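*Asks:* Structure below; questions to follow.
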Amino acid sequence: MQLGRVLVTGGAGFIGSELVHQLVECEAEVVVVDNLINGRREHLEGLPTDYVRLVVTDIRDRQRMAELMRGVDIVFHLACLGVRHSIHSPTENHDVNATATLHLLSAARAAGVRRFVHVSSSEVYGTARWTPMSEEHPTFPMTVYGAAKLAGECYARAFYRTYGYPTVVVRPFNTYGPHCHHEGDSGEVIPRFLLHCMAGRPMVIFGDGTQTRDFTYVSDTARGIVMAGLADSSMGQTINLGSGGEITLRELACEVAAAVGRPNAEITYDTPRPGDVLRLCADVAKARQLLAFEARVTLREGLTMLRDWYMSCETAPDVLLEQEITRNWEFAANRRDE
Ligand SMILES: NC(=O)c1ccc[n+]([C@@H]2O[C@H](COP(=O)([O-])OP(=O)(O)OC[C@H]3O[C@@H](n4cnc5c(N)ncnc54)[C@H](O)[C@@H]3O)[C@@H](O)[C@H]2O)c1
């Protein structure tokens with residue numbers, strides 16, 4: 001299938017903006033829908049305006065979304081509110097991640113959109129019962145975020161089964177790279193470790209640091225999402241996107257320290273984060289088989305590239321860290337459920 005005209009929800013965000021760049025390289029015409037709550041216009045700077053149009057709106061606006069679906073060939077659905085957001089505002093998190101996904105599926109089908117790519121998350125699994133985790137691994141999400149992403153997945157699969165509507169679910173594992181979030185309730189472990197280390201501050205681990213993750217560089221994750229949208233064999237399928245490697249947060253801190261050239265950088269430990277998944281590692285056989293997808297960037301290479309990207313930023317690490325909230329799941333200023 002050709003890309004043609006595509007709509008990317010959350011396309012001004014971290015993974016979404018990388019996806020938009022890759023789609024434009026494939027000569028797709030892209031409509032980006034983002035309310036800019038966590039995304040930024042600047043992430044789309046430099047893209048040709050005759051290929052990319054940013055529409056600043058909320059995916060919960062059903063009438064607007066129905067209008068925007070007209071003439072679209074593929075929807076890539078990435079807009080979401082994150083895992084820490086779900087701890088302080090579970091109802092709003094469900095509204096965006098689950099309910100709005102159901103409405104988008106209905107709108108896409110009604111408008112004759114030919115394919116719908118639902119970008120889910122490895123958080124639907126909860127803590128690994130065994131590794132590596134294939135798509136058949138049980139789903140026991142720890143957080144409302146994981147539960148809402150799983151609900152979105154179930155709706156996408158139900159549309160395929162009930163209506164024969166071509167949907168695919170991809171489950172990226174933890175992703176990092178340029179434009180990843182260090183700030184507010186979106187802040188993730190790799191950017192926070194890197195910026196702390198670059199600013200000469202201790203890296204903070206919540207819990208004992210034996211938690212594991214499978215980290216994938218953003219160009220790989222976005223490439224996998226494009227491939228899932230293009231492959232006929234992926235319709236009706238649920239596909240992990242990861243690197244297949246597992247690393248503890250303690251080991252990660254050492255890798256970051258090495259990348260920054262501060263091998264003796266300090267690590268401090270804080271109480272565990274509620275709902276923290278203890279172990280994640282992708283089985284990537286299905287992505288390899290259906291999409292010929294393989295992550296290309298190793299963790300060491302990716303950390304070096306992200307360090308260089310931060311070094312090239314106008315804003316210094318200690319200034320960027322002013323936007324950080326250490327215990328960001330307690331982010332009262334962002335609480336929107338009441
Ligand atoms: N980053 C990761 O490690 C990771 C891992 C697994 C899955 N994912 C999934 O990938 C997708 C993108 O994640 P990301 O890390 O780029 O997050 P992000 O926060 O950078 O991107 C999400 C975008 O959605 C937008 N958005 C939020 N609510 C909206 C609404 N109501 N209407 C319109 N736009 C809205 C935000 O402004 C943001 O630009 C998400 O679906 C997420 O669940 C991410």
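Just so we're on the same page: first chain in the structure tokens is A, next is B, and so on; residues restart at 1 for each chain, and ligands are numbered from 1 in the order they show up.
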Tell me, which residues of region 113-178 of chain A carry DSSP strand (DSSP E), written as a list in words?

*Replies:*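 The residues of region 113-178 of chain A classed as strand (DSSP E) are Arg115, Phe116, Val117, His118, Val119, Thr167, Val168, Val169, Val170, Arg171, Pro172, Thr175 and Tyr176 of chain A.
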
*Asks:* I need the residues from that last selection saved to file as a compact mmCIF listing (two decimals), in the first residue's frame (with C-alpha atoms), if you can.

*Replies:*
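And here is the file that came out, again30.txt:
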```txt
# COMPACT_ATOMS: atom_id res chain seq x y z
CA ARG A 115 -6.26 1.73 7.57
CA PHE A 116 -5.95 2.59 11.25
CA VAL A 117 -2.67 2.11 13.13
CA HIS A 118 -3.20 2.15 16.89
CA VAL A 119 0.00 2.90 18.78
CA THR A 167 -6.57 -2.01 11.99
CA VAL A 168 -3.18 -2.90 13.42
CA VAL A 169 -1.97 -2.52 17.00
CA VAL A 170 1.70 -1.84 17.69
CA ARG A 171 3.19 -2.02 21.18
CA PRO A 172 6.35 0.07 21.41
CA THR A 175 11.57 4.77 23.54
CA TYR A 176 14.19 7.54 23.83
```

*Asks:* Could you give me, as a PyMOL selection string, every polymer residue with an atom at most 6 Å away from an atom of ligand 1, counting only C-alpha atoms and all ligand atoms?

*Replies:* chain A and resi 10+12-16+34-39+57-60+78-81+96+119-122+172-175

*Asks:* Wanna dump the region 78-100 of chain A-region 271-278 of chain A contacts at 12 Å for me, each residue with its shortest atom pair and the distance in Å to one decimal, counting only C-alpha atoms, ordered by chain and number, as a Markdown table?

*Replies:*
```
| residue | atom | partner | partner_atom | distance |
| --- | --- | --- | --- | --- |
| A:Val83 | CA | A:Gly275 | CA | 9.1 |
| A:Arg84 | CA | A:Gly275 | CA | 9.3 |
| A:Ser86 | CA | A:Gly275 | CA | 10.2 |
| A:Ile87 | CA | A:Pro274 | CA | 8.1 |
| A:His88 | CA | A:Pro274 | CA | 10.9 |
```

*Asks:* Sorted by chain and rising residue number, which residues of region 100-128 of chain A lie within 7 Å of region 133-148 of chain A, and what are their closest atom pairs and distances in Å to one decimal, counting only C-alpha atoms, as CSV?

*Replies:*
```
residue,atom,partner,partner_atom,distance
A:Glu123,CA,A:Gly146,CA,4.9
A:Val124,CA,A:Gly146,CA,4.6
A:Tyr125,CA,A:Thr139,CA,4.1
A:Gly126,CA,A:Pro141,CA,4.2
A:Ala128,CA,A:Met133,CA,6.9
```

*Asks:* Got a sec: who's within 8 Å of Tyr217 (chain A), counting only C-alpha atoms, leaving out chain neighbours fewer than 6 positions off, as a list of chain:residue names?

*Replies:* A:Thr175, A:Tyr176, A:Gly177, A:Ala295, A:Val297, A:Thr298, A:Leu299, A:Gly302

*Asks:* Could you tell me which of A:Val6, A:Cys313, A:Leu280, A:Leu102 comes closest to Asp214 (chain A) if we count only C-alpha atoms?

*Replies:*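 Selected residue with least distance to Asp214 (chain A): A:Leu280.
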
*Asks:* Between A:Glu18, A:Asp220, A:Glu266, A:Asp185, which one has atoms that come closest to Ala253 (chain A), using only C-alpha atoms?

*Replies:* A:Glu266

*Asks:* Please return as a PyMOL selection string: the residues of region 71-145 of chain A that backbone DSSP assigns to helix (DSSP H, G or I).

*Replies:* chain A and resi 83-88+90-110+122-125+144-145

*Asks:* Give me, as a list in words, all polymer residues having an atom no more than 12 Å from Gln22 (chain A), counting only C-alpha atoms and skipping those fewer than 6 positions away in the same chain.

*Replies:*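 My list of contacting residues is Leu3, Val8, Gly11, Ile15, Gly16, Ala28, Glu29, Val30, Leu44, Leu47, Val52, Val218, Ser219, Asp220, Thr221, Ala222, Arg223, Gly224, Ile225, Val226 and Met227 of chain A.
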
*Asks:* Do a neighbour search on region 188-204 of chain A at 10 Å with only C-alpha atoms, toss out local chain neighbours closer than 4 positions, and write the hits as a PyMOL selection string.

*Replies:* chain A and resi 84+174-184+209+215+249-250+252-263+265-270+303-304+306-307+310-311+316-321+324+326+328
